[in-house]
$ cat my_file26.txt   # compact mmCIF, C-alpha atoms
# COMPACT_ATOMS: atom_id res chain seq x y z
CA MET A 1 40.13 -31.19 20.33
CA ALA A 2 40.64 -27.74 21.80
CA ASN A 3 42.00 -26.57 18.42
CA THR A 4 38.82 -27.78 16.70
CA ALA A 5 36.69 -25.87 19.19
CA ILE A 6 38.74 -22.72 18.61
CA LYS A 7 38.29 -23.13 14.84
CA VAL A 8 34.53 -23.55 15.31
CA LEU A 9 34.44 -20.43 17.47
CA ILE A 10 36.38 -18.37 14.89
CA ILE A 11 34.20 -19.59 12.01
CA PHE A 12 31.06 -18.80 14.01
CA ILE A 13 32.27 -15.29 14.84
CA ILE A 14 33.12 -14.54 11.20
CA THR A 15 29.83 -16.01 9.94
CA SER A 16 27.62 -14.24 12.46
CA CYS A 17 29.41 -10.93 11.92
CA SER A 18 28.72 -11.13 8.18
CA ILE A 19 25.04 -12.04 8.80
CA LYS A 20 24.70 -9.09 11.15
CA THR A 21 26.31 -6.74 8.64
CA VAL A 22 23.93 -7.85 5.88
CA ALA A 23 20.94 -7.47 8.18
CA GLN A 24 21.94 -3.89 8.93
CA GLU A 25 22.34 -2.93 5.29
CA ASN A 26 19.91 -0.32 4.05
CA PRO A 27 16.60 -2.23 3.85
CA LYS A 28 15.07 0.45 1.60
CA ASN A 29 15.92 -1.42 -1.59
CA GLU A 30 14.65 -4.75 -0.40
CA PHE A 31 11.62 -5.99 -2.33
CA LEU A 32 11.65 -3.00 -4.67
CA PHE A 33 11.35 -3.44 -8.43
CA ASN A 34 14.84 -3.28 -9.97
CA GLY A 35 13.82 -2.31 -13.47
CA CYS A 36 14.68 -5.42 -15.51
CA ASP A 37 16.46 -3.04 -17.91
CA LYS A 38 13.29 -1.03 -18.41
CA GLY A 39 13.83 1.65 -15.76
CA GLU A 40 10.61 2.76 -14.17
CA PHE A 41 8.12 0.19 -12.96
CA TYR A 42 5.29 1.31 -15.20
CA GLU A 43 7.64 1.30 -18.22
CA TYR A 44 8.30 -2.39 -17.73
CA PHE A 45 4.57 -2.98 -18.02
CA SER A 46 3.81 -0.48 -20.76
CA HIS A 47 6.63 -1.90 -22.94
CA ASN A 48 5.49 -5.46 -22.56
CA LEU A 49 1.84 -5.72 -21.62
CA LYS A 50 -0.88 -4.75 -24.07
CA VAL A 51 -4.04 -5.33 -22.09
CA TRP A 52 -6.73 -2.69 -22.35
CA GLY A 53 -9.79 -4.54 -21.15
CA ASN A 54 -13.11 -3.61 -22.70
CA ARG A 55 -13.90 -0.59 -20.51
CA PRO A 56 -12.11 1.98 -18.31
CA THR A 57 -11.32 0.39 -14.96
CA PHE A 58 -9.35 1.00 -11.80
CA ASN A 59 -7.71 -2.12 -10.38
CA LEU A 60 -5.47 -3.19 -7.55
CA PHE A 61 -3.31 -6.29 -7.94
CA VAL A 62 -1.99 -7.64 -4.65
CA PHE A 63 0.66 -10.33 -4.35
CA LYS A 64 3.19 -11.76 -1.96
CA LEU A 65 6.86 -11.46 -2.91
CA THR A 66 8.93 -13.92 -0.94
CA GLY A 67 12.58 -13.52 -0.03
CA ASN A 68 13.54 -16.20 -2.56
CA GLY A 69 11.96 -14.19 -5.40
CA LYS A 70 8.71 -16.09 -5.82
CA ILE A 71 5.42 -14.26 -6.48
CA THR A 72 2.51 -16.03 -4.84
CA GLU A 73 -1.02 -15.50 -3.48
CA MET A 74 -2.00 -13.04 -6.18
CA ARG A 75 -5.36 -11.27 -5.94
CA HIS A 76 -7.23 -8.84 -8.16
CA PHE A 77 -9.67 -6.16 -7.03
CA GLY A 78 -11.37 -3.75 -9.41
CA GLY A 79 -13.51 -3.46 -12.51
CA MET A 80 -11.38 -5.35 -15.04
CA GLU A 81 -12.91 -8.54 -16.38
CA LYS A 82 -11.52 -11.80 -15.08
CA THR A 83 -9.85 -12.90 -18.32
CA ASP A 84 -8.05 -9.56 -18.74
CA ALA A 85 -7.05 -9.53 -15.07
CA GLU A 86 -5.58 -13.02 -15.48
CA GLN A 87 -3.40 -11.78 -18.32
CA VAL A 88 -2.07 -8.99 -16.11
CA MET A 89 -1.45 -11.45 -13.29
CA ASN A 90 0.45 -13.78 -15.62
CA PHE A 91 2.65 -10.88 -16.61
CA ILE A 92 3.23 -9.90 -12.99
CA LYS A 93 4.28 -13.49 -12.36
CA GLN A 94 6.83 -13.19 -15.17
CA SER A 95 8.50 -10.30 -13.32
CA GLU A 96 9.82 -12.65 -10.63
CA ASN A 97 13.45 -11.94 -11.56
CA CYS A 98 12.96 -8.18 -11.49
CA TRP A 99 12.81 -7.51 -7.75
CA ASN A 100 15.56 -6.77 -5.25
CA LEU A 101 15.58 -9.53 -2.69
CA PRO A 102 16.55 -9.45 0.98
CA SER A 103 19.43 -11.46 2.36
CA ASP A 104 17.03 -13.60 4.36
CA PRO A 105 14.85 -15.75 2.05
CA LYS A 106 12.33 -16.25 4.87
CA LEU A 107 11.28 -12.59 4.72
CA PHE A 108 8.42 -11.52 2.45
CA LYS A 109 6.50 -8.42 1.43
CA TRP A 110 2.95 -7.74 0.24
CA ILE A 111 3.01 -5.68 -2.95
CA VAL A 112 0.08 -3.59 -4.21
CA LEU A 113 0.06 -2.63 -7.88
CA PRO A 114 -2.49 0.07 -8.83
CA PHE A 115 -3.51 -0.35 -12.46
CA ILE A 116 -5.75 1.88 -14.54
CA SER A 117 -6.73 0.53 -17.91
CA GLY A 118 -8.83 2.65 -20.18
CA LYS A 119 -10.73 1.80 -23.32
CA GLY A 120 -14.11 3.04 -24.38
CA ASN A 121 -16.37 5.35 -22.45
CA ALA A 122 -16.41 5.53 -18.65
CA ASN A 123 -19.96 6.88 -18.83
CA SER A 124 -21.20 3.76 -20.60
CA HIS A 125 -23.82 1.80 -18.68
CA ILE A 126 -22.44 -1.51 -19.93
CA GLY A 127 -20.95 -3.41 -17.01
CA PRO A 128 -20.31 -2.14 -13.48
CA ASP A 129 -19.61 1.58 -13.24
CA PHE A 130 -16.15 3.00 -12.75
CA LYS A 131 -16.82 4.71 -9.44
CA SER A 132 -18.38 1.78 -7.57
CA THR A 133 -15.71 -0.69 -8.74
CA THR A 134 -12.99 1.77 -7.69
CA ILE A 135 -14.48 2.15 -4.21
CA GLN A 136 -14.86 -1.64 -3.96
CA ALA A 137 -11.20 -2.13 -4.92
CA PHE A 138 -9.97 0.16 -2.13
CA SER A 139 -12.36 -1.47 0.36
CA ALA A 140 -11.18 -4.96 -0.60
CA LEU A 141 -7.60 -3.89 0.01
CA ASN A 142 -8.44 -3.01 3.59
CA ASN A 143 -10.51 -6.16 4.08
CA LEU A 144 -7.34 -8.22 3.61
CA THR A 145 -6.78 -7.75 7.34
CA SER A 146 -9.07 -10.77 7.80
CA TYR A 147 -6.30 -12.79 6.11
CA GLY A 148 -3.64 -11.30 8.39
CA ILE A 149 -2.47 -8.89 5.66
CA TYR A 150 -2.26 -5.35 7.01
CA SER A 151 -2.40 -2.13 5.06
CA GLY A 152 0.58 -0.58 6.84
CA GLU A 153 2.82 -3.40 5.63
CA PHE A 154 2.18 -2.90 1.92
CA TYR A 155 4.64 -1.68 -0.64
CA VAL A 156 2.49 0.28 -3.10
CA THR A 157 4.14 0.51 -6.51
CA ASP A 158 3.74 3.41 -8.89
CA LEU A 159 0.56 3.48 -10.92
CA VAL A 160 0.46 1.51 -14.15
CA TRP A 161 -1.71 3.47 -16.51
CA TYR A 162 -3.02 2.74 -19.99
CA ILE A 163 -5.42 5.03 -21.70
CA ASP A 164 -7.18 4.87 -25.01
CA PRO A 165 -6.58 8.17 -26.84
CA ARG A 166 -10.27 8.24 -27.75
CA ILE A 167 -11.09 9.07 -24.12
CA LYS A 168 -11.14 12.82 -23.82
CA LEU A 169 -9.58 14.04 -20.58
CA ASP A 170 -10.03 17.48 -19.06
CA MET B 1 39.22 -27.18 31.42
CA ALA B 2 40.38 -25.08 28.44
CA LYS B 3 37.82 -26.87 26.30
CA MET B 4 35.05 -25.92 28.75
CA LYS B 5 36.16 -22.29 28.67
CA ILE B 6 36.03 -22.22 24.86
CA TYR B 7 32.55 -23.76 24.80
CA SER B 8 31.42 -21.21 27.43
CA CYS B 9 32.74 -18.42 25.20
CA LEU B 10 30.93 -19.92 22.20
CA PHE B 11 27.56 -20.09 24.01
CA PHE B 12 28.06 -16.59 25.48
CA TYR B 13 28.71 -15.24 21.99
CA ILE B 14 25.61 -16.93 20.57
CA PHE B 15 23.37 -15.51 23.32
CA LEU B 16 24.94 -12.07 23.01
CA PHE B 17 24.59 -11.61 19.26
CA SER B 18 21.52 -13.54 18.16
CA PRO B 19 19.11 -10.90 19.57
CA TYR B 20 20.77 -8.25 17.34
CA VAL B 21 20.16 -10.33 14.22
CA SER B 22 16.52 -10.93 15.23
CA PHE B 23 16.07 -7.23 16.04
CA SER B 24 17.29 -6.13 12.62
CA GLN B 25 14.63 -8.29 10.98
CA LYS B 26 11.89 -7.15 13.32
CA GLU B 27 12.80 -3.53 12.70
CA ASN B 28 11.54 -3.80 9.10
CA ASN B 29 8.06 -4.72 10.30
CA SER B 30 7.17 -1.30 11.72
CA SER B 31 3.42 -1.07 11.69
CA LEU B 32 0.43 1.18 12.21
CA SER B 33 -3.09 -0.04 12.89
CA PHE B 34 -6.45 1.46 13.77
CA ASN B 35 -8.05 -0.14 16.79
CA HIS B 36 -11.25 1.44 18.13
CA PRO B 37 -13.21 -0.49 20.79
CA SER B 38 -16.53 0.07 18.96
CA TYR B 39 -15.34 -1.10 15.55
CA PRO B 40 -13.68 -4.13 13.96
CA ALA B 41 -9.93 -3.91 13.39
CA GLU B 42 -8.80 -1.36 10.77
CA ALA B 43 -12.33 0.04 10.35
CA PHE B 44 -11.10 3.63 10.15
CA SER B 45 -13.40 4.60 7.28
CA GLU B 46 -16.45 3.24 9.15
CA TYR B 47 -15.44 5.33 12.16
CA LEU B 48 -15.28 8.43 9.93
CA GLN B 49 -18.58 7.65 8.22
CA ASP B 50 -20.30 7.39 11.61
CA SER B 51 -18.65 10.63 12.78
CA ILE B 52 -19.62 12.85 9.85
CA LYS B 53 -22.83 13.76 8.08
CA VAL B 54 -22.28 14.78 4.47
CA ASP B 55 -24.38 17.59 3.04
CA LYS B 56 -26.60 16.50 0.12
CA GLN B 57 -25.32 19.45 -1.86
CA VAL B 58 -21.72 18.33 -1.57
CA LYS B 59 -19.68 18.66 -4.73
CA SER B 60 -18.89 15.34 -6.42
CA SER B 61 -15.23 14.61 -5.97
CA ALA B 62 -12.60 11.88 -5.82
CA LEU B 63 -9.41 12.65 -3.95
CA PHE B 64 -6.87 11.46 -1.42
CA ILE B 65 -6.38 12.83 2.08
CA LEU B 66 -2.89 12.33 3.39
CA PHE B 67 -1.83 12.68 7.00
CA LYS B 68 1.30 11.77 8.90
CA PHE B 69 1.76 9.78 12.10
CA ASN B 70 4.76 9.70 14.37
CA SER B 71 5.55 6.98 16.89
CA LYS B 72 3.56 8.84 19.59
CA SER B 73 0.36 8.66 17.50
CA GLU B 74 0.55 12.40 16.79
CA ILE B 75 -0.81 13.70 13.49
CA SER B 76 1.54 16.31 12.10
CA GLU B 77 0.37 17.06 8.55
CA PHE B 78 -2.92 17.06 6.69
CA LYS B 79 -3.02 17.35 2.89
CA LEU B 80 -5.73 17.12 0.25
CA SER B 81 -5.15 16.10 -3.35
CA GLY B 82 -8.22 17.94 -4.60
CA GLU B 83 -10.96 20.36 -3.68
CA MET B 84 -13.79 19.87 -1.20
CA THR B 85 -16.06 22.37 0.49
CA SER B 86 -14.59 23.89 3.64
CA LYS B 87 -17.27 22.28 5.83
CA ILE B 88 -16.59 18.69 4.81
CA THR B 89 -12.84 19.39 4.89
CA ASP B 90 -13.07 20.72 8.46
CA ASP B 91 -15.36 17.90 9.57
CA LEU B 92 -13.04 15.25 8.17
CA LYS B 93 -9.97 16.93 9.63
CA ASN B 94 -11.55 17.14 13.10
CA ALA B 95 -12.69 13.51 12.98
CA ILE B 96 -9.21 12.42 11.88
CA LEU B 97 -7.56 14.38 14.70
CA LYS B 98 -9.98 12.84 17.22
CA SER B 99 -9.04 9.38 15.94
CA ALA B 100 -5.41 9.79 17.07
CA PRO B 101 -5.79 7.86 20.39
CA PHE B 102 -7.14 4.83 18.52
CA TRP B 103 -4.08 4.30 16.36
CA ILE B 104 -1.47 1.85 17.54
CA THR B 105 2.07 2.54 16.43
CA SER B 106 5.01 0.22 16.73
CA PHE B 107 7.95 1.93 15.14
CA PRO B 108 11.03 3.80 16.37
CA ASP B 109 10.90 7.46 17.48
CA ASN B 110 12.56 8.81 14.33
CA VAL B 111 10.18 6.96 11.98
CA TYR B 112 6.78 8.10 10.72
CA LYS B 113 4.04 6.72 8.52
CA TRP B 114 1.65 8.34 6.08
CA VAL B 115 -2.01 7.39 6.07
CA VAL B 116 -3.79 7.63 2.72
CA LEU B 117 -7.56 8.01 2.88
CA PRO B 118 -9.34 7.80 -0.48
CA VAL B 119 -12.44 10.03 -0.46
CA PHE B 120 -15.36 9.62 -2.88
CA LEU B 121 -18.18 12.12 -2.65
CA GLU B 122 -21.16 12.31 -4.94
CA ASN B 123 -24.04 14.69 -5.06
CA PRO B 124 -27.08 12.37 -5.34
CA THR B 125 -29.13 15.02 -7.09
CA SER B 126 -26.61 15.16 -9.93
CA THR B 127 -28.01 11.97 -11.47
CA LEU B 128 -31.29 13.73 -12.29
CA ALA B 129 -31.74 14.57 -15.95
CA THR B 130 -32.07 18.28 -15.22
CA LYS B 131 -28.77 18.36 -13.35
CA THR B 132 -25.24 17.67 -14.54
CA LYS B 133 -24.81 13.93 -14.81
CA PHE B 134 -22.01 12.14 -13.03
CA ASP B 135 -19.08 12.22 -15.44
CA GLY B 136 -17.36 8.84 -15.48
CA ASN B 137 -14.63 10.01 -17.87
CA ALA B 138 -13.73 12.97 -15.65
CA PHE B 139 -13.71 10.66 -12.63
CA PHE B 140 -11.49 8.24 -14.52
CA SER B 141 -8.93 10.93 -15.35
CA LYS B 142 -8.98 12.17 -11.75
CA MET B 143 -7.67 8.85 -10.45
CA GLU B 144 -4.51 9.19 -12.51
CA ILE B 145 -4.04 12.76 -11.25
CA GLN B 146 -4.56 11.64 -7.63
CA PHE B 147 -1.86 8.98 -7.89
CA GLU B 148 0.51 11.46 -9.47
CA TRP B 149 -0.18 13.83 -6.56
CA LEU B 150 0.50 11.00 -4.12
CA ARG B 151 3.79 10.27 -5.83
CA MET B 152 4.80 13.95 -5.68
CA ASN B 153 4.02 14.15 -1.95
CA VAL B 154 5.19 10.81 -0.64
CA GLY B 155 7.54 9.73 -3.42
CA SER B 156 7.82 6.54 -5.42
CA ASN B 157 7.76 3.17 -3.75
CA LEU B 158 5.23 3.83 -1.02
CA THR B 159 6.57 1.65 1.75
CA ASP B 160 5.68 3.97 4.62
CA VAL B 161 1.99 4.34 3.94
CA TYR B 162 -1.18 2.92 5.40
CA PHE B 163 -3.93 2.69 2.78
CA SER B 164 -7.29 3.13 4.49
CA ALA B 165 -10.56 1.85 3.12
CA PRO B 166 -12.29 4.70 1.29
CA PHE B 167 -14.55 7.32 2.83
CA SER B 168 -17.66 7.71 0.70
CA SER B 169 -20.81 9.74 1.23
CA LYS B 170 -22.77 7.11 3.15
CA ASN B 171 -24.61 9.34 5.62
CA GLN B 172 -26.19 12.42 4.17
CA PHE B 173 -28.48 15.12 5.56

$ encode --input "my_file26.txt" --output "structure tokens"
Amino acid sequence: MANTAIKVLIIFIITSCSIKTVAQENPKNEFLFNGCDKGEFYEYFSHNLKVWGNRPTFNLFVFKLTGNGKITEMRHFGGMEKTDAEQVMNFIKQSENCWNLPSDPKLFKWIVLPFISGKGNANSHIGPDFKSTTIQAFSALNNLTSYGIYSGEFYVTDLVWYIDPRIKLD
Amino acid sequence: MAKMKIYSCLFFYIFLFSPYVSFSQKENNSSLSFNHPSYPAEAFSEYLQDSIKVDKQVKSSALFILFKFNSKSEISEFKLSGEMTSKITDDLKNAILKSAPFWITSFPDNVYKWVVLPVFLENPTSTLATKTKFDGNAFFSKMEIQFEWLRMNVGSNLTDVYFSAPFSSKNQF
């Protein structure tokens, strides 16, 4: 009986030591995009997603990445039309296997993906204007506090940027 | 008796080491929040908008202001991603510095966080036909430049930033 207890003690020590070591590993890579063989984050999108929308827009896609690799609770803020935004969100969902996960599956992170999609003329009066929808997108991001999601806890990815060559930039 | 001793050791070990495991997980949740008694939680941009009057002749601009917080709620750096007049720059800087006591930090001494404040200013007279119209295309291209600037200053994978709601020219002389 005493031998069994000693074995339990030894197993517990070994197990807890390994848990502690994992927990102290550099957390910097946790929840970060790992490339999925496409290197940079925006490259993954630009190589696979061909969504322009019908006007130049600034957008923020917010989602929860859980420690077991699931992408849930996705939201869209910005000027992109709903159908186009849904296509982007479907593609984000497909990236579930492309994120570094923490050792503890109970942990999670809120990810913010800034996304500029440009087609047509930003001075056009068709649809909501670029400036007001951009301001609204940033405001909506901060209003997530009412859902218990705080700005300081976000991981903001690099900008995903598409631009129609017909738009002349300074 | 020996069995009791072993069980005591087992319980002692559990109590000794479980706080370390919990602490390592808690450590990742370092946070920064704005909490002013006169405003709702995280209403930093509203606080700024009530603190500053923007001149009607202000130059239209879209940019980021970046400043750094340490664990003692001290602001150590102040950077702009674009150009603004010196008056609005000084006013915003002073208001930001005065906001320091209203930030709550909960991270270790050697850690800091960046706060990103998007700023959108527009000269209301510029929409008149005789004046230069607001240029949506130029504004559009600026956003890409601002994010590139942010990446150059803070790096990729912005995990140490607090994104504030935007400051826009709400109150004007």

$ atom_distance --input "my_file26.txt" --atom1 "atom CA of B:Ile75" --atom2 "atom CA of B:Leu117"
13.8 Å

$ residues_around --input "my_file26.txt" --residues "B:Tyr162" --least-positions-apart "5" --cutoff "8 Å" --atoms "only C-alpha atoms" --output "list in words"
Ser151, Gly152, Glu153 and Phe154 of chain A; Leu32, Lys113, Trp114, Val115 and Val116 of chain B

$ write_last_selection --input "my_file26.txt" --atoms "C-alpha atoms" --output "short mmCIF file (atom, residue, chain, number, x, y, z; two decimals), keeping the file's coordinate frame"
data_model
loop_
_atom_site.label_atom_id
_atom_site.label_comp_id
_atom_site.auth_asym_id
_atom_site.auth_seq_id
_atom_site.Cartn_x
_atom_site.Cartn_y
_atom_site.Cartn_z
CA SER A 151 -2.40 -2.13 5.06
CA GLY A 152 0.58 -0.58 6.84
CA GLU A 153 2.82 -3.40 5.63
CA PHE A 154 2.18 -2.90 1.92
CA LEU B 32 0.43 1.18 12.21
CA LYS B 113 4.04 6.72 8.52
CA TRP B 114 1.65 8.34 6.08
CA VAL B 115 -2.01 7.39 6.07
CA VAL B 116 -3.79 7.63 2.72
#

$ residues_near_point --input "my_file26.txt" --point "(-6.8, -0.1, -16.8)" --cutoff "10 Å" --atoms "all atoms listed in the file" --output "JSON, numbers by chain"
{"A": [51, 52, 53, 54, 55, 56, 57, 58, 59, 60, 78, 79, 80, 84, 85, 114, 115, 116, 117, 118, 119, 160, 161, 162, 163, 164], "B": [140]}

$ residues_near_point --input "my_file26.txt" --point "(-4.1, 5.7, 17.7)" --cutoff "12 Å" --atoms "only C-alpha atoms" --output "list in words"
Ser31, Leu32, Ser33, Phe34, Asn35, His36, Pro37, Glu42, Phe44, Lys68, Phe69, Asn70, Ser71, Lys72, Ser73, Glu74, Ile75, Ile96, Leu97, Lys98, Ser99, Ala100, Pro101, Phe102, Trp103, Ile104, Thr105, Ser106 and Val115 of chain B

$ closest_residue --input "my_file26.txt" --among "A:Tyr150, A:Tyr155, A:Phe91, A:Phe138" --to "A:Phe77" --atoms "only C-alpha atoms"
A:Phe138

$ atom_distance --input "my_file26.txt" --atom1 "atom CA of A:Asn68" --atom2 "atom CA of A:Lys109"
11.2 Å

$ residues_around --input "my_file26.txt" --residues "A:Tyr42" --least-positions-apart "3" --cutoff "12 Å" --atoms "only C-alpha atoms" --output "PyMOL selection string"
(chain A and resi 33-36+38-39+45-49+92+113-116+157-162) or (chain B and resi 156-157)
